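The file start-v3.txt comes next; it holds compact mmCIF, C-alpha atoms.
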# COMPACT_ATOMS: atom_id res chain seq x y z
CA MET A 14 10.83 -21.65 5.91
CA LYS A 15 8.99 -20.38 9.00
CA ALA A 16 10.45 -17.16 10.41
CA GLU A 17 10.03 -15.25 13.64
CA ILE A 18 11.08 -11.67 14.39
CA ILE A 19 11.97 -10.69 17.95
CA ALA A 20 12.41 -6.98 18.62
CA VAL A 21 14.39 -6.31 21.78
CA GLY A 22 14.00 -3.00 23.58
CA THR A 23 11.96 -1.63 26.47
CA GLU A 24 11.45 1.60 24.48
CA ILE A 25 9.31 -0.36 21.99
CA LEU A 26 7.03 -1.63 24.75
CA THR A 27 6.65 1.83 26.30
CA GLY A 28 5.75 3.36 22.94
CA GLN A 29 8.80 5.61 22.75
CA ILE A 30 9.70 4.22 19.33
CA ILE A 31 7.74 2.43 16.63
CA ASN A 32 8.90 -1.02 15.60
CA THR A 33 9.46 -0.28 11.92
CA ASN A 34 12.13 -2.99 11.70
CA ALA A 35 9.51 -5.74 11.93
CA GLN A 36 7.59 -4.26 9.00
CA TYR A 37 10.74 -3.93 6.90
CA LEU A 38 11.92 -7.46 7.66
CA SER A 39 8.48 -8.96 7.01
CA GLU A 40 8.33 -7.32 3.59
CA LYS A 41 11.88 -8.36 2.77
CA PHE A 42 11.33 -11.97 3.84
CA ALA A 43 8.06 -12.14 1.90
CA GLU A 44 9.98 -11.18 -1.24
CA LEU A 45 12.28 -14.13 -0.56
CA GLY A 46 9.42 -16.56 -0.09
CA ILE A 47 10.02 -16.81 3.68
CA ASP A 48 6.86 -16.91 5.80
CA VAL A 49 6.93 -14.70 8.89
CA LEU A 50 4.53 -16.37 11.29
CA PHE A 51 5.32 -14.54 14.53
CA GLN A 52 6.45 -11.08 15.64
CA THR A 53 7.39 -10.46 19.27
CA ALA A 54 8.58 -7.44 21.24
CA VAL A 55 10.41 -8.00 24.52
CA GLY A 56 12.04 -5.59 26.93
CA ASP A 57 15.69 -5.39 27.94
CA ASN A 58 15.44 -8.29 30.36
CA GLU A 59 17.58 -11.41 30.05
CA GLU A 60 15.16 -13.90 31.59
CA ARG A 61 12.18 -12.72 29.54
CA LEU A 62 14.26 -12.84 26.37
CA MET A 63 15.35 -16.39 27.29
CA SER A 64 11.70 -17.44 27.59
CA VAL A 65 10.89 -15.89 24.20
CA LEU A 66 13.79 -17.76 22.62
CA GLU A 67 12.61 -21.02 24.17
CA GLU A 68 9.18 -20.52 22.60
CA ALA A 69 10.61 -19.46 19.24
CA LYS A 70 12.78 -22.58 19.08
CA THR A 71 9.67 -24.80 19.16
CA ARG A 72 7.90 -23.14 16.23
CA SER A 73 10.29 -21.33 13.87
CA ASP A 74 13.16 -22.21 11.53
CA LEU A 75 14.57 -18.69 11.23
CA ILE A 76 14.74 -16.58 14.42
CA VAL A 77 15.78 -12.96 13.92
CA LEU A 78 16.62 -10.72 16.88
CA CYS A 79 16.74 -6.95 16.35
CA GLY A 80 18.29 -4.50 18.80
CA GLY A 81 20.35 -4.73 21.95
CA LEU A 82 23.78 -5.02 20.30
CA GLY A 83 25.11 -1.70 21.58
CA PRO A 84 27.64 -0.82 24.32
CA THR A 85 25.32 -0.01 27.23
CA GLU A 86 24.36 -2.25 30.15
CA ASP A 87 20.85 -2.87 28.82
CA ASP A 88 22.19 -4.07 25.46
CA LEU A 89 22.06 -7.76 26.29
CA THR A 90 20.71 -9.53 23.21
CA LYS A 91 24.05 -10.99 22.12
CA GLN A 92 24.91 -12.19 25.60
CA THR A 93 21.49 -13.75 26.09
CA LEU A 94 21.58 -15.64 22.79
CA ALA A 95 25.06 -16.93 23.64
CA ARG A 96 23.78 -18.19 26.99
CA PHE A 97 20.71 -19.73 25.33
CA LEU A 98 22.88 -21.62 22.82
CA GLY A 99 25.51 -22.56 25.39
CA ARG A 100 28.18 -20.65 23.50
CA SER A 101 30.80 -18.08 24.39
CA LEU A 102 31.22 -14.62 22.96
CA VAL A 103 34.33 -14.05 20.85
CA PHE A 104 35.76 -11.02 19.09
CA ASP A 105 35.39 -10.56 15.34
CA PRO A 106 38.77 -9.23 14.11
CA LYS A 107 37.29 -6.97 11.44
CA ALA A 108 34.83 -5.47 13.90
CA VAL A 109 37.68 -4.81 16.35
CA GLU A 110 39.67 -3.17 13.54
CA LYS A 111 36.70 -0.92 12.79
CA LEU A 112 36.46 0.05 16.46
CA ASP A 113 40.18 0.88 16.53
CA HIS A 114 39.89 3.02 13.42
CA PHE A 115 36.79 4.81 14.74
CA PHE A 116 38.36 5.89 18.02
CA ALA A 117 41.74 6.66 16.45
CA SER A 118 40.07 9.07 14.03
CA ARG A 119 38.01 10.69 16.78
CA PRO A 120 40.29 11.52 19.69
CA ALA A 121 37.48 13.33 21.49
CA HIS A 122 35.56 10.08 21.88
CA VAL A 123 36.52 8.17 25.01
CA ARG A 124 36.80 4.42 24.48
CA THR A 125 35.49 2.35 27.36
CA ALA A 126 35.36 -1.39 28.05
CA ASN A 127 31.69 -1.42 27.09
CA ASN A 128 32.56 -0.38 23.56
CA GLU A 129 34.32 -3.72 23.06
CA ARG A 130 30.94 -5.51 23.23
CA GLN A 131 30.03 -4.15 19.84
CA ALA A 132 32.82 -6.21 18.25
CA GLN A 133 31.74 -9.50 19.81
CA ILE A 134 29.84 -12.31 18.11
CA VAL A 135 28.46 -15.62 19.30
CA GLU A 136 31.09 -18.36 19.00
CA GLY A 137 30.62 -20.17 15.69
CA ALA A 138 28.53 -17.40 14.09
CA GLN A 139 29.28 -15.79 10.74
CA PRO A 140 29.74 -12.06 11.31
CA LEU A 141 27.45 -9.64 9.48
CA PRO A 142 29.49 -6.44 8.97
CA ASN A 143 27.84 -3.15 9.91
CA GLU A 144 28.35 -0.58 7.14
CA THR A 145 26.91 2.37 9.03
CA GLY A 146 27.58 1.54 12.69
CA LEU A 147 29.94 -0.26 15.05
CA ALA A 148 27.86 -3.19 16.34
CA VAL A 149 28.57 -6.31 14.29
CA GLY A 150 25.68 -8.65 13.53
CA GLY A 151 25.76 -12.39 13.24
CA ILE A 152 24.13 -15.52 11.83
CA ILE A 153 24.46 -19.02 13.25
CA GLU A 154 22.72 -22.36 12.70
CA VAL A 155 22.21 -24.62 15.72
CA GLU A 156 20.14 -27.82 15.80
CA GLY A 157 18.33 -26.99 12.56
CA ARG A 158 17.46 -23.45 13.64
CA THR A 159 19.04 -20.33 12.16
CA TYR A 160 19.54 -17.41 14.54
CA VAL A 161 20.27 -13.91 13.29
CA LEU A 162 21.44 -10.90 15.30
CA LEU A 163 20.76 -7.46 13.84
CA PRO A 164 21.29 -3.94 15.24
CA GLY A 165 18.26 -1.89 16.28
CA PRO A 166 18.75 1.44 14.44
CA PRO A 167 17.06 1.13 11.01
CA SER A 168 19.95 3.02 9.40
CA GLU A 169 22.22 0.13 10.45
CA LEU A 170 19.76 -2.75 10.13
CA LYS A 171 18.57 -2.12 6.57
CA PRO A 172 21.99 -2.11 4.85
CA MET A 173 23.02 -5.17 6.86
CA VAL A 174 19.89 -7.04 5.82
CA GLN A 175 20.10 -6.05 2.17
CA ASN A 176 23.84 -6.52 1.65
CA GLU A 177 24.79 -9.21 4.18
CA LEU A 178 21.78 -11.22 5.32
CA VAL A 179 19.73 -11.58 2.14
CA PRO A 180 22.56 -13.20 0.11
CA ARG A 181 22.98 -15.78 2.87
CA ILE A 182 19.35 -16.83 3.21
CA SER A 183 18.02 -16.44 -0.33
CA GLY A 184 16.65 -19.71 -1.63
CA ASN A 185 15.63 -20.82 -5.09
CA GLN A 186 12.10 -19.47 -4.67
CA ARG A 187 10.92 -15.90 -4.27
CA LEU A 188 7.53 -14.36 -3.68
CA TYR A 189 5.90 -12.74 -6.72
CA SER A 190 2.76 -10.63 -6.47
CA ARG A 191 0.22 -9.01 -8.75
CA VAL A 192 -2.31 -6.43 -7.55
CA LEU A 193 -5.72 -6.21 -9.28
CA ARG A 194 -7.82 -3.07 -8.74
CA PHE A 195 -11.62 -2.95 -8.82
CA PHE A 196 -14.16 -0.12 -8.69
CA GLY A 197 -17.89 -0.63 -8.25
CA VAL A 198 -17.88 -3.60 -5.87
CA GLY A 199 -17.42 -3.66 -2.09
CA GLU A 200 -14.92 -5.83 -0.25
CA SER A 201 -17.62 -7.94 1.44
CA GLN A 202 -19.32 -8.76 -1.87
CA LEU A 203 -16.00 -9.44 -3.58
CA VAL A 204 -14.97 -11.85 -0.82
CA THR A 205 -18.40 -13.51 -1.02
CA VAL A 206 -18.36 -14.14 -4.76
CA LEU A 207 -14.74 -15.30 -4.61
CA GLY A 208 -15.45 -17.49 -1.59
CA GLU A 209 -14.66 -20.81 -3.26
CA LEU A 210 -11.38 -19.57 -4.70
CA ILE A 211 -10.32 -18.02 -1.39
CA GLN A 212 -11.20 -21.10 0.65
CA ALA A 213 -9.34 -23.39 -1.75
CA GLN A 214 -6.23 -21.22 -1.99
CA THR A 215 -2.82 -22.64 -1.20
CA ASP A 216 -0.47 -21.18 -3.78
CA PRO A 217 -1.16 -18.73 -5.34
CA THR A 218 -2.97 -16.86 -2.55
CA ILE A 219 -5.62 -14.11 -2.70
CA ALA A 220 -5.60 -11.22 -0.23
CA PRO A 221 -8.34 -8.54 -0.49
CA TYR A 222 -7.77 -4.97 0.74
CA ALA A 223 -10.49 -2.34 1.04
CA LYS A 224 -9.66 1.24 0.19
CA THR A 225 -11.88 4.31 0.07
CA GLY A 226 -14.41 3.55 -2.66
CA GLU A 227 -12.54 0.61 -4.17
CA VAL A 228 -11.03 -2.81 -3.49
CA THR A 229 -7.73 -4.42 -4.46
CA LEU A 230 -6.74 -8.07 -4.62
CA ARG A 231 -3.12 -9.07 -4.10
CA LEU A 232 -2.31 -12.37 -5.81
CA SER A 233 0.92 -13.96 -4.56
CA THR A 234 2.88 -17.06 -5.46
CA LYS A 235 6.26 -18.57 -4.64
CA ALA A 236 8.22 -19.47 -7.75
CA SER A 237 11.76 -19.98 -8.96
CA SER A 238 11.38 -17.51 -11.85
CA VAL A 239 9.20 -14.62 -12.97
CA GLU A 240 8.04 -16.69 -15.96
CA GLU A 241 6.82 -19.49 -13.71
CA ALA A 242 5.12 -16.96 -11.42
CA ASN A 243 3.36 -15.21 -14.29
CA ILE A 244 1.86 -18.48 -15.54
CA ARG A 245 0.32 -19.14 -12.13
CA LEU A 246 -0.82 -15.57 -11.52
CA GLU A 247 -2.32 -15.25 -15.00
CA SER A 248 -4.34 -18.43 -14.51
CA LEU A 249 -5.70 -17.22 -11.17
CA GLU A 250 -6.45 -13.76 -12.54
CA GLN A 251 -8.53 -15.20 -15.37
CA GLN A 252 -10.50 -17.32 -12.90
CA ILE A 253 -11.22 -14.23 -10.79
CA LEU A 254 -12.28 -12.03 -13.71
CA SER A 255 -14.70 -14.70 -14.96
CA VAL A 256 -16.64 -14.62 -11.67
CA GLN A 257 -19.86 -12.58 -11.53
CA THR A 258 -21.06 -10.22 -8.81
CA LEU A 259 -24.27 -10.91 -6.90
CA ASP A 260 -26.24 -8.95 -9.51
CA GLY A 261 -24.71 -10.89 -12.40
CA GLN A 262 -22.08 -8.38 -13.50
CA PRO A 263 -18.72 -9.92 -14.52
CA LEU A 264 -15.83 -8.81 -12.33
CA SER A 265 -13.95 -8.13 -15.55
CA ASP A 266 -16.26 -5.11 -16.04
CA LEU A 267 -15.24 -3.71 -12.65
CA PHE A 268 -11.51 -4.39 -13.01
CA TYR A 269 -9.64 -1.28 -14.10
CA GLY A 270 -5.91 -1.79 -13.62
CA TYR A 271 -2.88 -3.25 -11.89
CA GLY A 272 -0.44 -2.11 -9.24
CA GLU A 273 -0.19 -1.00 -5.64
CA ASP A 274 0.40 2.65 -6.55
CA ASN A 275 -2.11 2.87 -9.39
CA SER A 276 -5.46 4.70 -9.25
CA LEU A 277 -8.64 5.15 -11.24
CA ALA A 278 -7.61 8.76 -11.91
CA GLN A 279 -4.23 7.65 -13.24
CA GLU A 280 -5.77 5.09 -15.58
CA THR A 281 -8.30 7.64 -16.85
CA VAL A 282 -5.68 10.30 -17.49
CA ALA A 283 -3.55 7.75 -19.37
CA LEU A 284 -6.55 6.85 -21.53
CA LEU A 285 -7.31 10.52 -22.24
CA LYS A 286 -3.71 11.04 -23.35
CA ALA A 287 -3.71 7.90 -25.48
CA GLN A 288 -6.89 8.98 -27.29
CA GLN A 289 -5.86 12.66 -27.34
CA LYS A 290 -9.13 13.77 -25.78
CA VAL A 291 -9.73 16.83 -23.62
CA VAL A 292 -11.90 16.71 -20.52
CA THR A 293 -13.51 19.48 -18.50
CA ALA A 294 -15.64 19.55 -15.36
CA ALA A 295 -18.29 21.54 -13.56
CA GLU A 296 -18.27 20.73 -9.86
CA SER A 297 -20.59 21.60 -7.01
CA LEU A 298 -20.33 19.31 -3.96
CA THR A 299 -16.74 18.26 -4.83
CA ALA A 300 -15.61 21.90 -5.14
CA GLY A 301 -12.87 21.26 -7.68
CA LEU A 302 -11.61 17.95 -6.29
CA PHE A 303 -12.02 16.17 -9.64
CA GLN A 304 -10.04 18.87 -11.42
CA ALA A 305 -7.37 18.82 -8.71
CA ARG A 306 -6.94 15.07 -9.25
CA LEU A 307 -6.41 15.68 -12.97
CA ALA A 308 -3.71 18.22 -12.23
CA ASP A 309 -1.83 15.74 -10.02
CA PHE A 310 -0.39 14.08 -13.12
CA SER A 311 2.47 15.31 -15.24
CA GLY A 312 1.36 16.48 -18.68
CA SER A 313 -2.26 16.92 -17.63
CA SER A 314 -2.39 20.25 -19.48
CA THR A 315 -2.69 18.28 -22.72
CA ILE A 316 -5.99 16.71 -21.63
CA PHE A 317 -7.37 19.38 -19.29
CA LYS A 318 -7.57 23.08 -20.18
CA GLY A 319 -9.85 24.28 -17.41
CA GLY A 320 -13.25 23.92 -15.81
CA PHE A 321 -15.77 25.31 -13.34
CA VAL A 322 -16.37 25.25 -9.59
CA THR A 323 -19.95 26.42 -9.12
CA TYR A 324 -20.83 25.88 -5.48
CA SER A 325 -23.88 28.14 -5.20
CA ILE A 326 -26.99 28.07 -7.37
CA GLU A 327 -26.27 31.65 -8.46
CA GLU A 328 -22.79 30.73 -9.73
CA LYS A 329 -24.19 27.74 -11.58
CA ALA A 330 -26.54 30.09 -13.40
CA LYS A 331 -23.97 32.79 -14.04
CA MET A 332 -20.83 30.80 -14.88
CA LEU A 333 -22.54 28.04 -16.85
CA ASN A 334 -25.22 30.16 -18.46
CA ILE A 335 -28.14 28.11 -17.10
CA PRO A 336 -31.41 29.99 -16.44
CA LEU A 337 -31.67 30.56 -12.68
CA GLU A 338 -35.40 29.94 -12.64
CA GLU A 339 -34.90 26.47 -14.15
CA LEU A 340 -32.30 25.59 -11.52
CA GLU A 341 -34.62 26.82 -8.76
CA PHE A 342 -37.51 24.80 -10.18
CA HIS A 343 -35.60 21.52 -10.48
CA GLY A 344 -33.28 22.03 -7.53
CA VAL A 345 -29.50 21.94 -7.24
CA VAL A 346 -29.49 18.23 -6.30
CA SER A 347 -31.17 16.87 -9.40
CA SER A 348 -30.63 15.01 -12.62
CA PHE A 349 -31.62 18.16 -14.52
CA THR A 350 -28.90 20.27 -12.93
CA ALA A 351 -26.21 17.63 -13.44
CA GLU A 352 -27.21 17.33 -17.10
CA LYS A 353 -27.17 21.08 -17.72
CA MET A 354 -23.86 21.52 -15.89
CA ALA A 355 -22.15 18.88 -18.03
CA LEU A 356 -23.72 20.11 -21.26
CA GLN A 357 -22.81 23.75 -20.69
CA ALA A 358 -19.29 22.98 -19.45
CA ARG A 359 -18.54 21.14 -22.67
CA LEU A 360 -20.10 23.81 -24.88
CA LEU A 361 -18.30 26.67 -23.12
CA THR A 362 -14.85 25.02 -23.22
CA GLY A 363 -15.04 22.99 -26.42
CA ALA A 364 -13.80 19.89 -24.57
CA ASP A 365 -14.43 16.40 -25.92
CA ILE A 366 -15.90 15.22 -22.61
CA ALA A 367 -17.46 17.10 -19.73
CA VAL A 368 -18.31 15.70 -16.33
CA SER A 369 -20.48 17.35 -13.68
CA LEU A 370 -20.96 16.62 -10.00
CA THR A 371 -23.74 17.87 -7.76
CA GLY A 372 -25.22 16.42 -4.61
CA VAL A 373 -25.22 16.33 -0.82
CA ALA A 374 -21.88 15.81 0.92
CA GLY A 375 -23.30 16.33 4.41
CA PRO A 376 -23.49 16.46 7.30
CA ASP A 377 -27.01 17.84 6.73
CA SER A 378 -29.56 16.96 4.06
CA LEU A 379 -30.27 19.40 1.22
CA GLU A 380 -33.49 19.95 -0.69
CA ASN A 381 -34.98 16.98 1.19
CA GLN A 382 -32.27 14.77 -0.32
CA PRO A 383 -30.28 12.59 2.11
CA VAL A 384 -26.53 12.85 2.65
CA GLY A 385 -24.67 10.84 0.02
CA THR A 386 -27.07 11.63 -2.84
CA VAL A 387 -24.94 12.44 -5.87
CA TYR A 388 -25.78 13.15 -9.50
CA ILE A 389 -23.01 12.91 -12.08
CA GLY A 390 -23.42 14.14 -15.64
CA ILE A 391 -21.29 13.08 -18.59
CA ALA A 392 -21.49 14.96 -21.89
CA THR A 393 -19.94 14.27 -25.27
CA ALA A 394 -20.59 15.82 -28.68
CA ASP A 395 -23.66 13.67 -29.33
CA ARG A 396 -25.10 12.66 -25.96
CA VAL A 397 -25.57 13.61 -22.33
CA ASP A 398 -26.11 11.02 -19.59
CA VAL A 399 -26.70 11.36 -15.87
CA ARG A 400 -25.97 8.75 -13.20
CA SER A 401 -27.55 8.83 -9.76
CA VAL A 402 -25.32 7.47 -7.00
CA ARG A 403 -26.12 6.82 -3.35
CA ILE A 404 -23.06 6.90 -1.11
CA GLY A 405 -24.30 5.80 2.29
CA GLY A 406 -22.76 5.66 5.73
CA ARG A 407 -19.80 7.88 4.90
CA SER A 408 -18.20 11.04 6.19
CA ARG A 409 -18.40 14.29 4.24
CA ALA A 410 -14.84 13.78 2.99
CA ASP A 411 -15.57 10.21 1.91
CA VAL A 412 -18.73 11.23 0.02
CA ARG A 413 -16.76 13.78 -1.96
CA GLU A 414 -13.86 11.38 -2.58
CA ILE A 415 -16.08 8.52 -3.73
CA ALA A 416 -18.13 10.87 -5.91
CA VAL A 417 -14.92 11.84 -7.71
CA LEU A 418 -14.07 8.15 -8.20
CA HIS A 419 -17.48 7.63 -9.81
CA ALA A 420 -16.79 10.58 -12.09
CA PHE A 421 -13.47 9.14 -13.22
CA HIS A 422 -15.15 5.78 -13.73
CA LEU A 423 -17.76 7.34 -16.03
CA VAL A 424 -15.14 9.23 -18.02
CA ARG A 425 -13.10 6.05 -18.39
CA GLN A 426 -16.15 4.04 -19.50
CA THR A 427 -16.98 6.74 -22.04
CA LEU A 428 -13.46 6.57 -23.45
CA LEU A 429 -13.56 2.78 -23.64
CA ASN A 430 -16.87 2.99 -25.53
CA SER A 431 -15.27 5.15 -28.17
CA GLU A 432 -18.42 5.27 -30.27
CA ASP A 433 -19.66 7.79 -27.72
CA LEU A 434 -17.02 10.23 -28.95
CA VAL A 435 -16.82 11.96 -32.29
Please express the file's structure as structure tokens.
Amino acid sequence: MKAEIIAVGTEILTGQIINTNAQYLSEKFAELGIDVLFQTAVGDNEERLMSVLEEAKTRSDLIVLCGGLGPTEDDLTKQTLARFLGRSLVFDPKAVEKLDHFFASRPAHVRTANNERQAQIVEGAQPLPNETGLAVGGIIEVEGRTYVLLPGPPSELKPMVQNELVPRISGNQRLYSRVLRFFGVGESQLVTVLGELIQAQTDPTIAPYAKTGEVTLRLSTKASSVEEANIRLESLEQQILSVQTLDGQPLSDLFYGYGEDNSLAQETVALLKAQQKVVTAAESLTAGLFQARLADFSGSSTIFKGGFVTYSIEEKAKMLNIPLEELEFHGVVSSFTAEKMALQARLLTGADIAVSLTGVAGPDSLENQPVGTVYIGIATADRVDVRSVRIGGRSRADVREIAVLHAFHLVRQTLLNSEDLV
């Protein structure tokens, strides 16, 4: 089914309100397997709305109008649709009864002739009761097209859609989605290596989304049951994870989890809890951001007891017990410093894993090292490794954020390679 959403209201066009209804309806219809192909906003003008309806009739099966059902002179959506369909407006008895009750219980409210409009529906339409307001909605099928009238206020529209409209338009198929999350590959490269799959897609579909430092893929399919959907999505997921990056690395190595609301930090914390390991950190350029991310999760005190924020070279020497002259010789932005920070953080706290971050967040270079140069140390009981990362073309905030993602990635990889831990 091809759907079109028409938002009616001059206040939308002038920017006085944001058209959140279109977003809500698009998401709701997607869940039902209904494709929204067009979204239109039109002012409170009968002739312009008529022209929009004429266009919608030629291209859409489901035409949903939002707003303009109220009592004022500029609320003309219902009247315009009736004219467009060559129908009259009639009163819905239950809506009239609700109007009567409303004004009877509120003597201070003056009832005018305009208020009666809210109880009218297009002749032949099924009324859609309004749980939270007075303006009744409606749904009517004419010449193979389904027209829906919904109120503008979201507090009225959402309950009407969920409780009245959805049961009437739900088909046998729904949209099912699965979100795959990747770290260590950019969106452009991911789209390139998945080019053949993306170009050949029909159902299921693949939609990439770039986020700061990572990429997600939303896999979607229309199916009559969750079991049927899972078969299709699982098959597509396995095809994706078997693809290699441009440097020959399997995407399965860069895949770290599922879900829209998931994160690399969340997966890492879950793994720390599952293995009952404690992590600590010594941070320079990120100034405690890694440790703050750990503390975002409930129960993090079981896997994180404390750590260090050593922004200056003097504090690195004093707090981590690293000879100052060695730090001055090698420099703050160096593999040596990252290694010593991780090693000492683990020794001083007794943690199972220690991570260190030092580098140049910007906007200026440091020690002749360009902005985006980051060294990350990872220490366990029997080894210390350092990774050099170059985070180019980013703001200071992005450099710090992506550096923290790399740190979580290294901790997670260390946990997955459990032989690195005693």
So the first atom is atom CA of Leu45 of chain A and the second is atom CA of Leu188 of chain A; what is the distance between them in Å, to one decimal place?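 Atom CA of Leu188 of chain A lies at a distance of 5.7 Å from atom CA of Leu45 of chain A.
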Rounded to one decimal in Å, what is the spacing between atom CA of Ser118 of chain A and atom CA of Gly146 of chain A?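 Going from atom CA of Ser118 of chain A over to atom CA of Gly146 of chain A, I get 14.6 Å.
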Determine, counting all atoms listed in the file, which protein, DNA and RNA residues have an atom within 8 Å of an atom of Tyr388 of chain A; residues of the same chain fewer than 2 positions away are not included. Present the result as a PyMOL selection string. chain A and resi 346-348+351+369-372+386+390+399-402
I want to know what sits within 12 Å of segment 90-92 of chain A, based on all atoms listed in the file, with residues of the same chain fewer than 4 positions away left out; could you give that as JSON, numbers by chain? {"A": [19, 20, 21, 22, 55, 56, 57, 58, 59, 60, 61, 62, 63, 65, 66, 77, 78, 79, 80, 81, 82, 83, 84, 85, 86, 96, 97, 98, 99, 100, 101, 102, 103, 130, 131, 132, 133, 134, 135, 136, 138, 148, 149, 150, 151, 152, 153, 160, 161, 162, 163, 164, 165]}
Nearest residue to Arg359 of chain A out of A:Leu75, A:Ile326, A:Ala392, A:Ile25, using all atoms listed in the file?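 With all atoms listed in the file as the atom set, the closest residue is A:Ala392.
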Where does segment 264-376 of chain A meet segment 224-237 of chain A within 10 Å, residue by residue, with the nearest atom pair and distance in Å to one decimal for each, counting only C-alpha atoms, listed by chain and rising number, as a Markdown table?
| residue | atom | partner | partner_atom | distance |
| --- | --- | --- | --- | --- |
| A:Leu267 | CA | A:Glu227 | CA | 9.9 |
| A:Phe268 | CA | A:Thr229 | CA | 9.3 |
| A:Gly270 | CA | A:Thr229 | CA | 9.7 |
| A:Tyr271 | CA | A:Thr229 | CA | 8.9 |
| A:Gly272 | CA | A:Thr229 | CA | 9.0 |
| A:Glu273 | CA | A:Thr229 | CA | 8.4 |
| A:Ser276 | CA | A:Glu227 | CA | 9.6 |
| A:Leu277 | CA | A:Glu227 | CA | 9.3 |
Generate a file of the selected residues that holds C-alpha atoms, formatted as an mmCIF file, in the coordinates of the input.
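Saved to part03.cif:
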data_model
loop_
_atom_site.group_PDB
_atom_site.id
_atom_site.type_symbol
_atom_site.label_atom_id
_atom_site.label_comp_id
_atom_site.auth_asym_id
_atom_site.auth_seq_id
_atom_site.Cartn_x
_atom_site.Cartn_y
_atom_site.Cartn_z
ATOM 1 C CA LEU A 267 -15.240 -3.710 -12.650
ATOM 2 C CA PHE A 268 -11.510 -4.390 -13.010
ATOM 3 C CA GLY A 270 -5.910 -1.790 -13.620
ATOM 4 C CA TYR A 271 -2.880 -3.250 -11.890
ATOM 5 C CA GLY A 272 -0.440 -2.110 -9.240
ATOM 6 C CA GLU A 273 -0.190 -1.000 -5.640
ATOM 7 C CA SER A 276 -5.460 4.700 -9.250
ATOM 8 C CA LEU A 277 -8.640 5.150 -11.240
#
My list of candidates is A:Asn143, A:Ser190, A:Asn275, A:Thr315. Which is closest to Pro172 of chain A when distances are computed with all atoms listed in the file?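 Nearest to Pro172 of chain A: A:Asn143.
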Asp113 of chain A proximity check over A:Val282, A:Val174, A:Leu147, A:Ala54, using all atoms listed in the file: winner is A:Leu147
Please define a box with edges along x, y and z of the file around all atoms of segment 404-410 of chain A given in the file, extend it by 5 Å on each side, and return its centre and edge lengths in Å to one decimal, as JSON.
{"center_x": -19.6, "center_y": 10.0, "center_z": 2.5, "size_x": 19.5, "size_y": 18.6, "size_z": 17.3}
Counting only C-alpha atoms, which residues sit no farther than 12 Å from the position (-18.1, 3.3, -16.9) in the file's frame? I'd like them as a list in words.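 Here the neighbourhood of the point contains Phe196, Gly197, Asp266, Leu267, Phe268, Tyr269, Leu277, Thr281, Ile389, Ile391, Asp398, Val399, Arg400, Leu418, His419, Ala420, Phe421, His422, Leu423, Val424, Arg425, Gln426, Thr427, Leu428, Leu429, Asn430, Ser431 and Asp433 of chain A.
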Between atom CA of Gln52 of chain A and atom CA of Ile211 of chain A - distance in Å to one decimal: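 Computed distance, atom CA of Ile211 of chain A to atom CA of Gln52 of chain A, equals 24.9 Å.
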